[in-house]
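Shown next, in structure tokens, is the structure this report addresses.
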Amino acid sequence: MRETVGVTAGAWLMLVYRVPGEPTRLRATVWRRLKAAGAVYLANSVAVLPESAEAERALRKLRAEIEGMGGTGQLLRAEALAGQDEVVAAFHGARDAEYEEVLSRCEDFQAEIDKETEAGKFTYAELEENEEDLAKLRRWLDKIRARDTLGAPRGAETVAAVDACARALDAFAERVYAAEAST
């Protein structure tokens, strides 16, 4: 399990909220904000995050937004008296689903490098495009890892996959440089 600086083991922050039914974009806004923070839902309008100062700031800010929408919200500090493993499993499951998306994109990235290599497309334009794609993968992974305060199982595998993409890009870049030198 990776280091979990600032996370209190077994302690959760719980946001219980209500937003007006209309317009529906309000519910969608709250859902997006909670997803971006890494929260998991225990029930409708009940979401939790592992307790940390960062999580508390995010949930306090969201609670204020909810009240600004005409809704209500309560932010609670909670400890699971029973079912802690299920809450942790839900949190890991949410992060692993995100990691799976990155892993899929890593496969696409590797396939693109292979395709360009087979076609002999060793150009700076292709290199630049692949550099941008790798930068996107890294930013995406960084966002997930920031939310993954409990160390989900697929995290290390995903870091390794992005690192493999970087190595593949380095090898492709060497081929681009060699192609340029031979022209």
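Residue numbering restarts at 1 for every chain of the structure tokens, chains are lettered A, B, ... in their displayed order, and ligands are numbered from 1 as they appear.
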
| query | So which bits of chain A end up helix (DSSP H, G or I) when you DSSP the backbone, as an NGL selection string? | reply | :A and (25-37 or 53-68 or 84-119 or 124-147 or 155-181)

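Look at A:His92: the protein and nucleic acid residues within 10 Å of it, using only C-alpha atoms and passing over chain neighbours fewer than 4 places away, are Val40, Glu86, Val87, Val88, Asp96, Ala97, Glu98, Asp148, Thr149, Leu150, Gly151, Ala152, Pro153, Arg154 and Gly155 of chain A.
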
| Using only C-alpha atoms: which of A:Tyr124, A:Arg147, A:Trp31, A:Glu107 has the shortest distance to A:Glu174 | A:Tyr124

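Distance-wise, atom CA of A:Ala111 and atom CA of A:Arg138 end up 17.4 Å apart.
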
| message | Nearest residue to A:Leu76 out of A:Leu49, A:Leu34, A:Ala43, A:Val102, using only C-alpha atoms? | response | A:Leu49

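We find atom CA of A:Leu42 and atom CA of A:Arg25 to be spaced 21.3 Å apart.
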
| task | Show which residues sit within 12 Å of A:Ala164, as a PyMOL selection string. Count only C-alpha atoms, and ignore same-chain residues fewer than 6 positions away. | result | chain A and resi 103+106-107+109-110+113+134+137-138+157-158+170-171

| Between A:Leu13, A:Ala89, A:Lys35, A:Glu100, which is the closest to A:Arg57 once you count only C-alpha atoms? | A:Leu13
